[in-house]
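S.K.: Compact mmCIF, C-alpha atoms, file final-v4.txt:
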# COMPACT_ATOMS: atom_id res chain seq x y z
CA MET F 188 60.96 13.32 -59.75
CA LEU F 189 58.49 11.48 -57.52
CA THR F 190 59.79 9.69 -54.45
CA ASN F 191 58.64 6.25 -53.30
CA THR F 192 56.48 7.76 -50.52
CA THR F 193 54.43 9.90 -52.88
CA ARG F 194 50.95 8.57 -53.71
CA CYS F 195 48.43 9.77 -56.22
CA VAL F 196 44.94 10.37 -54.81
CA PHE F 197 42.00 10.49 -57.21
CA VAL F 198 39.05 12.48 -55.84
CA PRO F 199 35.64 11.99 -57.49
CA ALA F 200 34.13 14.95 -59.26
CA ALA F 201 31.08 14.95 -56.96
CA LEU F 202 33.27 15.51 -53.89
CA LEU F 203 35.08 18.33 -55.62
CA LYS F 204 31.75 20.01 -56.36
CA ASP F 205 30.66 19.65 -52.72
CA ALA F 206 34.00 21.06 -51.58
CA GLY F 207 33.58 24.02 -53.90
CA ARG F 208 30.09 24.74 -52.57
CA ALA F 209 31.31 24.54 -48.97
CA ALA F 210 34.17 26.94 -49.73
CA ALA F 211 31.76 29.33 -51.45
CA VAL F 212 29.62 29.68 -48.30
CA GLY F 213 32.63 30.12 -46.06
CA GLY F 214 33.03 26.48 -44.98
CA SER F 215 35.99 24.20 -45.12
CA CYS F 216 37.14 22.97 -48.50
CA CYS F 217 38.11 19.57 -47.12
CA PRO F 218 35.70 16.80 -48.17
CA GLN F 219 35.83 15.35 -44.65
CA ALA F 220 33.98 18.39 -43.31
CA ARG F 221 30.77 17.01 -44.82
CA ARG F 222 30.64 13.88 -42.74
CA ARG F 223 27.64 11.66 -43.06
CA PHE F 224 26.18 10.74 -39.62
CA GLY F 225 23.64 8.24 -40.93
CA VAL F 226 25.84 5.20 -40.47
CA SER F 227 24.65 1.75 -39.61
CA ARG F 228 27.77 0.46 -37.84
CA CYS F 229 29.48 1.58 -34.69
CA HIS F 230 32.83 3.39 -34.96
CA PHE F 231 34.14 1.85 -31.74
CA ILE F 232 36.39 -1.17 -31.73
CA LYS F 233 34.90 -4.23 -30.08
CA PRO F 234 36.90 -5.50 -27.12
CA PRO F 235 38.64 -8.81 -27.66
CA PRO F 236 36.93 -11.85 -26.16
CA ARG F 237 38.08 -13.08 -22.79
CA PRO F 238 40.41 -16.05 -22.92
CA LYS F 239 38.83 -19.27 -21.83
CA PRO F 240 40.34 -20.76 -18.67
CA ARG F 241 42.32 -23.91 -19.12
CA GLU F 242 40.71 -27.10 -18.04
CA THR F 243 42.71 -29.00 -15.47
CA VAL F 244 43.02 -32.68 -16.25
CA ASP F 245 43.49 -35.05 -13.33
CA ILE F 246 45.27 -38.26 -14.30
CA PRO F 247 45.06 -40.98 -11.66
CA ASP F 248 48.29 -42.36 -10.16
CA LEU F 249 50.22 -39.44 -11.58
CA GLU F 250 51.76 -36.71 -9.44
CA THR F 251 51.43 -33.17 -10.76
CA ILE F 252 54.67 -31.19 -10.73
CA THR F 253 54.04 -27.51 -9.90
CA TYR F 254 56.17 -24.44 -9.37
CA GLY F 255 54.81 -23.86 -5.87
CA GLU F 256 58.11 -24.57 -4.12
CA ARG F 257 60.06 -22.20 -6.36
CA MET F 258 57.73 -19.27 -5.52
CA HIS F 259 57.71 -17.98 -9.10
CA HIS F 260 56.24 -18.92 -12.43
CA VAL F 261 58.15 -21.57 -14.38
CA PRO F 262 57.12 -22.35 -17.96
CA GLY F 263 56.17 -25.97 -18.46
CA LEU F 264 55.17 -26.59 -14.82
CA ALA F 265 51.59 -26.70 -13.59
CA LYS F 266 50.00 -23.93 -11.55
CA PRO F 267 49.77 -24.90 -7.87
CA VAL F 268 46.40 -25.08 -6.10
CA PHE F 269 46.54 -23.49 -2.67
CA PRO F 270 44.02 -24.16 0.11
CA HIS F 271 41.34 -21.56 0.84
CA TRP F 272 42.64 -18.90 3.19
CA GLU F 273 40.44 -18.13 6.17
CA PRO F 274 41.37 -15.11 8.30
CA ASP F 275 41.35 -15.36 12.07
CA HIS F 276 38.87 -12.48 12.33
CA LYS F 277 35.56 -11.69 10.62
CA ASN F 278 35.99 -9.43 7.61
CA PRO F 279 32.89 -8.69 5.51
CA ARG F 280 35.03 -8.08 2.41
CA PHE F 281 36.16 -11.71 2.35
CA TYR F 282 32.83 -13.25 3.41
CA LYS F 283 31.55 -15.98 1.16
CA ALA F 284 28.04 -17.26 1.64
CA PRO F 285 27.71 -21.02 2.03
CA PRO F 286 25.57 -23.01 -0.40
CA ALA F 287 21.84 -22.84 0.17
CA GLN F 288 21.71 -26.49 1.16
CA GLN F 289 24.07 -25.81 4.09
CA MET F 290 22.12 -22.86 5.52
CA PRO F 291 20.18 -23.54 8.74
CA LEU F 292 16.91 -22.15 7.27
CA PHE F 293 17.04 -24.33 4.15
CA LYS F 294 13.91 -26.43 3.51
CA ASP F 295 13.01 -28.87 0.79
CA THR F 296 9.53 -27.38 0.37
CA PRO F 297 9.78 -24.08 -1.56
CA CYS F 298 8.00 -20.89 -0.55
CA PHE F 299 6.57 -18.45 -3.09
CA MET F 300 7.10 -14.81 -2.07
CA PHE F 301 5.38 -11.63 -3.17
CA ASN F 302 7.32 -8.39 -2.65
CA GLN F 303 6.95 -4.76 -3.69
CA ARG F 304 8.57 -5.40 -7.08
CA THR F 305 6.64 -8.51 -8.05
CA ASN F 306 5.02 -8.19 -11.48
CA VAL F 307 2.36 -10.90 -11.63
CA LEU F 308 1.09 -11.90 -15.05
CA GLU F 309 -2.65 -12.15 -14.38
CA GLY F 310 -2.88 -9.11 -12.14
CA VAL F 311 -5.96 -8.82 -9.93
CA ARG F 312 -7.30 -12.24 -10.95
CA GLN F 313 -4.14 -13.91 -9.71
CA ALA F 314 -4.18 -11.89 -6.49
CA ALA F 315 -7.83 -12.86 -5.92
CA TRP F 316 -7.01 -16.56 -6.26
CA LEU F 317 -3.99 -16.35 -3.97
CA THR F 318 -6.01 -14.61 -1.26
CA LYS F 319 -9.28 -16.57 -1.79
CA THR F 320 -11.20 -13.37 -2.45
CA LYS F 321 -14.40 -12.37 -4.17
CA VAL F 322 -13.81 -9.20 -6.20
CA MET F 323 -16.58 -6.62 -6.66
CA PRO F 324 -15.70 -3.90 -9.23
CA SER F 325 -17.37 -0.97 -7.50
CA PHE F 326 -16.94 1.47 -4.65
CA PRO F 327 -18.90 0.62 -1.46
CA SER F 328 -21.99 2.81 -1.60
CA GLN F 329 -22.42 2.83 2.18
CA LEU F 330 -19.13 4.70 2.57
CA LEU F 331 -20.16 7.62 0.34
CA SER F 332 -22.93 8.63 2.73
CA ARG F 333 -20.31 10.28 5.00
CA THR F 334 -19.53 12.94 2.38
CA GLU F 335 -23.04 14.12 1.56
CA ASN F 336 -22.77 17.47 3.38
CA LEU F 337 -19.18 18.08 2.43
CA GLU F 338 -19.71 21.75 1.59
CA GLU F 339 -20.73 22.44 5.19
CA GLN F 340 -17.72 20.63 6.64
CA ILE F 341 -15.03 22.13 4.34
CA PRO F 342 -15.91 25.53 2.86
CA ASP F 343 -14.88 25.97 -0.78
CA VAL F 344 -13.76 22.34 -0.95
CA ASP F 345 -13.54 22.20 -4.75
CA GLU F 346 -11.40 25.31 -4.92
CA ARG F 347 -9.07 23.96 -2.24
CA VAL F 348 -8.68 20.63 -4.02
CA GLN F 349 -7.87 22.41 -7.28
CA ASN F 350 -5.30 24.55 -5.49
CA ALA F 351 -3.77 21.35 -4.08
CA ILE F 352 -3.47 19.99 -7.62
CA LYS F 353 -1.98 23.25 -8.94
CA HIS F 354 0.51 23.33 -6.07
CA ALA F 355 1.72 19.85 -6.95
CA ARG F 356 1.81 20.36 -10.72
CA PHE F 357 2.80 24.03 -11.14
CA TRP F 358 3.87 25.84 -7.98
CA ASP F 359 6.10 23.37 -6.14
CA THR F 360 8.94 23.37 -8.65
CA THR F 361 11.42 25.65 -10.37
CA GLU F 362 11.58 23.51 -13.51
CA ASN F 363 9.55 23.88 -16.65
CA ARG F 364 7.86 20.56 -15.98
CA PRO F 365 7.99 18.81 -12.59
CA LYS F 366 8.92 15.17 -12.42
CA LYS F 367 6.27 12.56 -11.81
CA GLU F 368 8.00 11.23 -8.71
CA LYS F 369 7.71 14.63 -7.06
CA TYR F 370 4.25 15.89 -7.95
CA CYS F 371 2.67 12.49 -7.25
CA ASN F 372 3.91 12.52 -3.65
CA THR F 373 3.11 16.23 -3.22
CA LEU F 374 -0.47 15.76 -4.40
CA LEU F 375 -1.06 12.87 -2.00
CA LEU F 376 0.27 14.85 0.97
CA ASN F 377 -1.84 17.89 0.00
CA LEU F 378 -5.03 15.81 -0.12
CA LEU F 379 -4.24 14.17 3.21
CA HIS F 380 -3.60 17.58 4.75
CA LEU F 381 -6.95 18.78 3.41
CA CYS F 382 -8.71 15.75 4.93
CA GLY F 383 -7.01 16.39 8.28
CA MET F 384 -8.88 19.68 8.57
CA LEU F 385 -11.93 17.69 9.70
CA GLN F 386 -10.29 16.62 12.98
CA PRO F 387 -12.25 19.19 15.11
CA SER F 388 -15.54 17.64 13.99
CA HIS F 389 -14.23 14.03 13.95
CA SER F 390 -12.18 13.44 17.08
CA ALA F 391 -11.28 9.87 16.07
CA ILE F 392 -8.89 11.25 13.44
CA GLY F 393 -6.58 12.29 16.28
CA ARG F 394 -6.20 8.61 17.25
CA ARG F 395 -4.28 7.78 14.08
CA MET F 396 -0.67 7.88 12.90
CA PHE F 397 1.21 7.82 9.61
CA THR F 398 4.10 5.40 9.14
CA GLU F 399 6.44 5.30 6.16
CA ASP F 400 8.73 2.51 4.92
CA TYR F 401 7.73 -0.17 7.42
CA SER F 402 8.36 -3.86 6.71
CA LEU F 403 5.61 -6.48 6.52
CA ALA F 404 5.92 -10.28 6.54
CA VAL F 405 3.10 -12.81 6.72
CA THR F 406 2.81 -16.50 5.75
CA TRP F 407 -0.18 -18.59 4.68
CA LYS F 408 -0.88 -21.84 2.88
CA ARG F 409 -2.97 -22.06 -0.29
CA GLY F 410 -3.59 -25.58 -1.49
CA GLU F 411 -0.32 -27.46 -1.11
CA ASP F 412 1.90 -24.41 -1.61
CA LEU F 413 3.31 -21.98 0.93
CA PHE F 414 3.13 -18.24 0.28
CA GLN F 415 4.56 -15.10 1.86
CA VAL F 416 3.96 -11.38 1.43
CA ARG F 417 6.93 -9.36 2.59
CA GLY F 418 8.64 -6.05 1.97
CA ARG F 419 7.98 -2.35 2.22
CA ASN F 420 4.70 -1.06 0.90
CA GLY F 421 4.55 2.71 1.10
CA LEU F 422 2.67 4.97 3.50
CA LEU F 423 0.49 3.40 6.21
CA HIS F 424 -2.27 5.16 8.10
CA SER F 425 -2.70 3.16 11.32
CA SER F 426 -5.24 3.66 14.07
CA MET F 427 -5.93 2.79 17.68
CA ASP F 428 -9.37 1.48 16.75
CA PRO F 429 -10.17 -1.17 14.12
CA LEU F 430 -12.25 -0.39 11.07
CA PRO F 431 -15.86 -1.62 11.13
CA ALA F 432 -16.99 -4.29 8.69
CA VAL F 433 -18.32 -3.07 5.36
CA CYS F 434 -21.03 -5.72 4.98
CA GLY F 435 -23.03 -7.86 7.44
CA LYS F 436 -22.95 -11.55 8.30
CA ASP F 437 -25.59 -12.48 5.73
CA GLU F 438 -23.53 -11.14 2.84
CA VAL F 439 -20.42 -12.81 4.24
CA SER F 440 -22.14 -16.20 4.38
CA ASP F 441 -23.35 -15.76 0.79
CA THR F 442 -19.75 -15.70 -0.42
CA ALA F 443 -19.57 -19.46 0.15
CA ASP F 444 -21.50 -19.94 -3.12
CA HIS F 445 -19.01 -17.88 -5.09
CA THR F 446 -16.67 -19.74 -7.45
CA LEU F 447 -13.14 -18.42 -7.70
CA GLU F 448 -11.96 -17.54 -11.19
CA THR F 449 -9.07 -19.65 -12.47
CA PHE F 450 -6.63 -19.03 -15.31
CA TYR F 451 -5.69 -22.58 -16.30
CA PRO F 452 -3.24 -23.63 -17.78
CA ILE F 453 -1.23 -20.78 -16.21
CA SER F 454 0.06 -21.65 -12.77
CA PRO F 455 -1.07 -19.37 -9.90
CA THR F 456 2.54 -19.20 -8.71
CA ILE F 457 3.83 -17.64 -11.93
CA ASP F 458 6.12 -14.60 -11.49
CA LEU F 459 6.42 -15.19 -7.74
CA GLN F 460 9.86 -15.48 -6.18
CA LYS F 461 10.63 -19.10 -5.34
CA ALA F 462 12.88 -19.57 -2.31
CA ASN F 463 14.03 -22.54 -0.25
CA VAL F 464 15.68 -20.48 2.49
CA TYR F 465 12.96 -18.87 4.63
CA LYS F 466 11.38 -18.81 8.08
CA GLU F 467 8.27 -20.83 8.69
CA ASN F 468 5.19 -19.24 10.28
CA LEU F 469 6.68 -15.78 9.83
CA ASN F 470 4.24 -13.11 10.97
CA CYS F 471 5.39 -9.51 11.46
CA THR F 472 3.21 -6.42 11.18
CA GLY F 473 6.23 -4.11 11.23
CA PHE F 474 5.46 -2.91 14.78
CA ARG F 475 6.13 -4.18 18.26
CA GLY F 476 3.46 -5.97 20.23
CA ASN F 477 2.78 -3.00 22.51
CA SER F 478 2.31 -0.48 19.69
CA PRO F 479 -0.46 2.04 20.47
CA TYR F 480 -1.58 2.00 16.80
CA PRO F 481 -1.87 -1.71 15.98
CA HIS F 482 -4.72 -1.54 13.44
CA ALA F 483 -3.98 -0.78 9.79
CA HIS F 484 -6.48 1.74 8.45
CA THR F 485 -5.43 2.76 4.90
CA LEU F 486 -2.39 2.05 2.73
CA TYR F 487 -1.30 4.70 0.23
CA PHE F 488 0.64 3.55 -2.83
CA LEU F 489 2.47 5.73 -5.32
CA GLU F 490 2.93 4.33 -8.79
CA SER F 491 6.20 6.23 -9.21
CA ALA F 492 7.64 5.42 -5.76
CA ASP F 493 10.25 3.03 -7.14
CA VAL F 494 12.01 4.45 -10.18
CA ASN F 495 13.74 1.15 -10.95
CA CYS F 496 10.48 -0.83 -11.02
CA LYS F 497 7.49 0.45 -12.98
CA LEU F 498 4.34 -1.65 -12.93
CA ARG F 499 1.42 -1.54 -15.30
CA PRO F 500 -1.97 -0.51 -13.88
CA GLU F 501 -3.24 -4.08 -13.62
CA GLN F 502 -0.10 -5.28 -11.83
CA PHE F 503 -0.14 -2.15 -9.66
CA ARG F 504 -3.66 -2.99 -8.47
CA ALA F 505 -2.55 -6.56 -7.75
CA LYS F 506 0.26 -5.18 -5.58
CA MET F 507 -2.28 -3.10 -3.68
CA ALA F 508 -4.52 -6.13 -3.13
CA MET F 509 -1.69 -8.38 -1.92
CA PHE F 510 -0.24 -5.93 0.60
CA THR F 511 -3.70 -4.96 1.86
CA PHE F 512 -4.45 -8.64 2.38
CA GLY F 513 -1.08 -9.10 4.10
CA ASN F 514 -1.80 -6.36 6.63
CA ALA F 515 -5.25 -7.76 7.36
CA LEU F 516 -3.97 -11.34 7.71
CA SER F 517 -1.11 -10.40 10.04
CA ARG F 518 -3.53 -8.54 12.30
CA ALA F 519 -5.95 -11.50 12.26
CA TYR F 520 -3.11 -13.83 13.31
CA GLN F 521 -2.43 -11.59 16.30
CA LEU F 522 -6.10 -11.51 17.31
CA TYR F 523 -7.20 -15.09 16.62
CA GLY F 524 -3.96 -17.07 16.36
CA THR F 525 -2.29 -18.75 13.41
CA GLU F 526 -4.69 -21.72 13.32
CA PRO F 527 -7.06 -21.56 10.31
CA GLN F 528 -10.45 -20.05 11.17
CA GLN F 529 -13.43 -20.86 8.97
CA LEU F 530 -15.21 -17.63 9.92
CA LEU F 531 -13.74 -14.78 11.91
CA GLU F 532 -15.82 -13.49 14.78
CA ARG F 533 -15.12 -9.95 13.65
CA PRO F 534 -13.82 -9.40 10.10
CA VAL F 535 -10.62 -7.39 9.64
CA THR F 536 -11.01 -4.48 7.22
CA VAL F 537 -8.12 -2.62 5.56
CA GLN F 538 -8.29 0.03 2.81
CA ALA F 539 -5.87 1.09 0.09
CA VAL F 540 -5.49 4.07 -2.26
CA GLY F 541 -3.12 4.12 -5.23
CA THR F 542 -2.33 6.99 -7.55
CA ASN F 543 0.04 8.16 -10.27
CA GLY F 544 -0.71 11.85 -9.74
CA ARG F 545 -3.85 11.91 -11.90
CA ILE F 546 -5.56 8.50 -11.87
CA PHE F 547 -6.66 6.94 -8.57
CA GLN F 548 -7.34 3.35 -7.52
CA PHE F 549 -9.61 2.72 -4.51
CA LEU F 550 -9.65 -0.63 -2.73
CA VAL F 551 -11.42 -1.94 0.37
CA PHE F 552 -10.49 -5.42 1.64
CA GLN F 553 -12.48 -7.37 4.23
CA LEU F 554 -10.85 -10.50 5.65
CA ASN F 555 -13.59 -12.98 6.64
CA THR F 556 -11.59 -16.19 6.98
CA THR F 557 -8.03 -17.38 7.52
CA ASP F 558 -8.73 -20.88 6.18
CA LEU F 559 -7.19 -20.34 2.77
CA THR F 560 -6.20 -23.90 1.89
CA GLY F 561 -9.21 -24.96 -0.17
CA ASP F 562 -11.60 -23.18 -2.55
CA ASP F 563 -14.75 -24.02 -0.61
CA GLY F 564 -16.28 -22.20 2.34
CA VAL F 565 -16.47 -18.50 3.10
CA LYS F 566 -14.44 -16.17 0.88
CA ASN F 567 -12.83 -12.85 1.59
CA GLN F 568 -14.27 -9.72 -0.06
CA MET F 569 -12.63 -6.91 -2.01
CA TRP F 570 -14.22 -3.78 -3.49
CA LEU F 571 -12.12 -2.27 -6.27
CA ASP F 572 -12.83 1.00 -8.04
CA GLU F 573 -10.16 1.34 -10.70
CA ASP F 574 -8.86 4.05 -13.05
CA VAL F 575 -10.74 7.03 -11.59
CA GLU F 576 -9.44 10.31 -13.04
CA LEU F 577 -9.18 13.31 -10.72
CA TYR F 578 -8.63 15.69 -13.65
CA ASP F 579 -8.03 15.52 -17.38
CA PHE F 580 -5.06 17.79 -18.04
CA ALA F 581 -2.59 19.94 -16.14
CA LYS F 582 -0.54 21.77 -18.76
CA VAL F 583 2.21 24.30 -18.15
CA ARG F 584 1.92 25.37 -21.79
CA PRO F 585 -1.14 25.03 -24.02
CA LEU F 586 -1.31 22.20 -26.53
CA ILE F 587 -1.63 23.76 -29.98
CA LYS F 588 -2.21 21.77 -33.16
CA LYS F 589 -2.83 23.33 -36.57
CA LYS F 590 -2.98 26.82 -35.01
CA GLU F 591 -5.80 25.71 -32.75
CA VAL F 592 -5.62 25.40 -28.95
CA ARG F 593 -6.63 21.83 -28.18
CA VAL F 594 -5.81 21.89 -24.44
CA PRO F 595 -5.49 25.22 -22.62
CA ALA F 596 -2.75 25.94 -20.11
CA GLY F 597 -3.53 25.24 -16.48
CA LEU F 598 -5.88 22.72 -14.86
CA SER F 599 -8.83 21.40 -16.86
CA GLY F 600 -11.39 18.65 -16.46
CA TYR F 601 -11.52 18.56 -12.65
CA LYS F 602 -13.88 15.89 -11.25
CA PRO F 603 -15.06 16.63 -7.68
CA GLU F 604 -16.56 13.17 -7.02
CA VAL F 605 -13.09 11.60 -6.92
CA PHE F 606 -12.04 13.57 -3.86
CA ARG F 607 -15.30 12.58 -2.16
CA LYS F 608 -14.30 8.92 -2.54
CA PHE F 609 -10.85 9.74 -1.20
CA LEU F 610 -12.41 11.50 1.79
CA ALA F 611 -14.93 8.69 2.34
CA LEU F 612 -12.12 6.22 2.93
CA TYR F 613 -10.33 8.70 5.18
CA LEU F 614 -13.45 9.24 7.36
CA HIS F 615 -14.31 5.54 7.54
CA GLY F 616 -14.35 4.60 11.21
CA ALA F 617 -14.20 8.21 12.43
CA GLU F 618 -17.83 8.62 13.47
Please rewrite the model in this file as structure tokens.
M.R.:
Amino acid sequence: MLTNTTRCVFVPAALLKDAGRAAAVGGSCCPQARRRFGVSRCHFIKPPPRPKPRETVDIPDLETITYGERMHHVPGLAKPVFPHWEPDHKNPRFYKAPPAQQMPLFKDTPCFMFNQRTNVLEGVRQAAWLTKTKVMPSFPSQLLSRTENLEEQIPDVDERVQNAIKHARFWDTTENRPKKEKYCNTLLLNLLHLCGMLQPSHSAIGRRMFTEDYSLAVTWKRGEDLFQVRGRNGLLHSSMDPLPAVCGKDEVSDTADHTLETFYPISPTIDLQKANVYKENLNCTGFRGNSPYPHAHTLYFLESADVNCKLRPEQFRAKMAMFTFGNALSRAYQLYGTEPQQLLERPVTVQAVGTNGRIFQFLVFQLNTTDLTGDDGVKNQMWLDEDVELYDFAKVRPLIKKKEVRVPAGLSGYKPEVFRKFLALYLHGAE
């Protein structure tokens, strides 16, 4: 006789067949063993929504009765409102920042800031408008003349560069495939070490220094808006001597006829951080005034330096242009003062190199004027050689498709002219 707790379960014939097949091959005969993982809904229970806080209603001429005097909760009585407790000593755990309007550095006029994580929409075009710069998409030809007899200066230079690439991609790791953050930095240091071998023949190289993770801050006015470049910008190669100008005075004066490219109706301040709490006329090169290496020579940027912020190539080049301009402008303020100068007596030149471990970006910036308010007059100059590949592939294992080796293992497609551009910027000013 069946009890009340007994239930009849009807199993479909298809499940019984599947259970029989599973038992035949040594599996479990339970139908639940063949669980389907292609589900469209989550198996986790959603947490309940947070209760909404009660809205306190203030009725005029009516005293609110609370349970504050009784020191415990009483149903039906209102919750007391206690005054804010302020300790007699400073404790950072209980610090609460005042509103922005009450801060001493608050100003009604906003300032638009560019930092190392800024992702501008228009890329290099937007950076050129902000810095009042004429962009020339080429590498300065006069700089390549320093690397004509490179084989005599560095014996077996191509073999050494290839070994530097192999060391970064294959040898300097115990993993099957090194991470991009590691081999990108290793390759840059290997190339710089290879360039430093020319110090016996170029004594000016010994008057330089590398600085990492220094802070930059500089302010300028463009139109009616105030702008700042601030933050950390990678590895800096500074020197005791300034870099010479890339072009002469005639070419500088010809930039007055150049018309800056606009991107109307997009605002030039798009994607810039807008702040009302800032310091006016902030100018800091990251070094003290008596630094023996006050002149910025070359900035080296790694595309994978910040794992939490990845920029596209166009935005990465804009970051290079803005920080190169910031270093040049801060040095010009120290030499000529913060008053706008229509034409600098001696232009300030700063270089930049960016890489992702395979593709290089070369940039040379020449600051000709600090009068950046209007669009007329002399413009600054920037030479940009973008997306230059040092090699095609560096494979730990060959790429095989349809039983055919498409890309062999090892280094392939090495281009020696890229290192010559890298070395040309390194030797600039080391005659």
S.K.: Show me a table, sorted first by chain and then by increasing residue number, of the residues of segment 220-324 of chain F having an atom at most 6 Å from segment 559-579 of chain F, each with its shortest atom pair and the distance in Å to one decimal, counting only C-alpha atoms and written as a Markdown table.
M.R.:
| residue | atom | partner | partner_atom | distance |
| --- | --- | --- | --- | --- |
| F:Lys319 | CA | F:Lys566 | CA | 5.8 |
| F:Thr320 | CA | F:Asn567 | CA | 4.4 |
| F:Lys321 | CA | F:Gln568 | CA | 4.9 |
| F:Val322 | CA | F:Met569 | CA | 4.9 |
| F:Met323 | CA | F:Trp570 | CA | 4.9 |
| F:Pro324 | CA | F:Leu571 | CA | 4.9 |
S.K.: Quick one: distance from atom CA of Asn377 of chain F to atom CA of Gln329 of chain F in Å, one decimal?
M.R.: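 Atom CA of Gln329 of chain F lies at a distance of 25.6 Å from atom CA of Asn377 of chain F.
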S.K.: What does the distance from atom CA of Pro238 of chain F to atom CA of Tyr254 of chain F come to in Å, to one decimal?
M.R.: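 Calculated distance between atom CA of Pro238 of chain F and atom CA of Tyr254 of chain F is 22.4 Å.
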S.K.: Padding 6 Å on each side, edges along x, y and z: where is the centre of the box around the listed atoms of segment 441-452 of chain F, and how long are its edges in Å to one decimal? Output it as AutoDock Vina command-line options.
M.R.:
--center_x -13.3 --center_y -19.7 --center_z -8.5 --size_x 32.1 --size_y 19.9 --size_z 30.6
S.K.: With all atoms listed in the file as the counted atoms, please give the residues lying no more than 12 Å from Leu403 of chain F, apart from itself and same-chain residues fewer than 3 positions off, as a PyMOL selection string.
M.R.: chain F and resi 301-303+399-400+406+415-421+423+469-475+483+509-518
S.K.: Which one of F:Arg333, F:Arg499, F:His424, F:Arg593 sits closest to Leu610 of chain F if you count all atoms listed in the file?
M.R.: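 Of F:Arg333, F:Arg499, F:His424, F:Arg593, the one nearest Leu610 of chain F, counting all atoms listed in the file, is F:Arg333.
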S.K.: Show me, as a VMD selection string, the residues that have an atom within 12 Å of segment 604-606 of chain F when counting all atoms listed in the file, minus same-chain residues fewer than 5 positions from it.
M.R.: chain F and resid 326 331 334 to 335 337 344 to 349 351 to 352 374 to 375 377 to 379 381 to 382 540 542 545 to 549 572 to 578 611 to 613
S.K.: Just segment 267-294 of chain F, please, as a PDB file, in the first residue's frame (only C-alpha atoms).
M.R.:
ATOM      1  CA  PRO F 267      17.427  60.899  16.279  1.00  0.00           C
ATOM      2  CA  VAL F 268      19.853  62.997  14.222  1.00  0.00           C
ATOM      3  CA  PHE F 269      23.147  63.467  16.019  1.00  0.00           C
ATOM      4  CA  PRO F 270      25.662  66.225  15.205  1.00  0.00           C
ATOM      5  CA  HIS F 271      28.782  65.347  13.206  1.00  0.00           C
ATOM      6  CA  TRP F 272      31.520  64.050  15.470  1.00  0.00           C
ATOM      7  CA  GLU F 273      34.911  65.660  15.021  1.00  0.00           C
ATOM      8  CA  PRO F 274      37.853  64.082  16.853  1.00  0.00           C
ATOM      9  CA  ASP F 275      40.336  66.246  18.696  1.00  0.00           C
ATOM     10  CA  HIS F 276      43.226  64.843  16.635  1.00  0.00           C
ATOM     11  CA  LYS F 277      43.787  64.335  12.900  1.00  0.00           C
ATOM     12  CA  ASN F 278      42.886  60.833  11.774  1.00  0.00           C
ATOM     13  CA  PRO F 279      43.075  60.089   8.030  1.00  0.00           C
ATOM     14  CA  ARG F 280      40.452  57.340   8.356  1.00  0.00           C
ATOM     15  CA  PHE F 281      37.786  59.864   9.345  1.00  0.00           C
ATOM     16  CA  TYR F 282      38.890  62.658   6.986  1.00  0.00           C
ATOM     17  CA  LYS F 283      36.167  64.056   4.791  1.00  0.00           C
ATOM     18  CA  ALA F 284      37.091  66.390   1.993  1.00  0.00           C
ATOM     19  CA  PRO F 285      35.222  69.697   1.940  1.00  0.00           C
ATOM     20  CA  PRO F 286      33.160  70.668  -1.098  1.00  0.00           C
ATOM     21  CA  ALA F 287      35.105  71.964  -4.065  1.00  0.00           C
ATOM     22  CA  GLN F 288      33.642  75.431  -3.653  1.00  0.00           C
ATOM     23  CA  GLN F 289      35.180  75.694  -0.163  1.00  0.00           C
ATOM     24  CA  MET F 290      38.714  74.681  -1.186  1.00  0.00           C
ATOM     25  CA  PRO F 291      41.297  77.492  -1.277  1.00  0.00           C
ATOM     26  CA  LEU F 292      42.380  76.625  -4.861  1.00  0.00           C
ATOM     27  CA  PHE F 293      38.844  76.696  -6.264  1.00  0.00           C
ATOM     28  CA  LYS F 294      38.345  78.989  -9.271  1.00  0.00           C
TER      29      LYS F 294
END
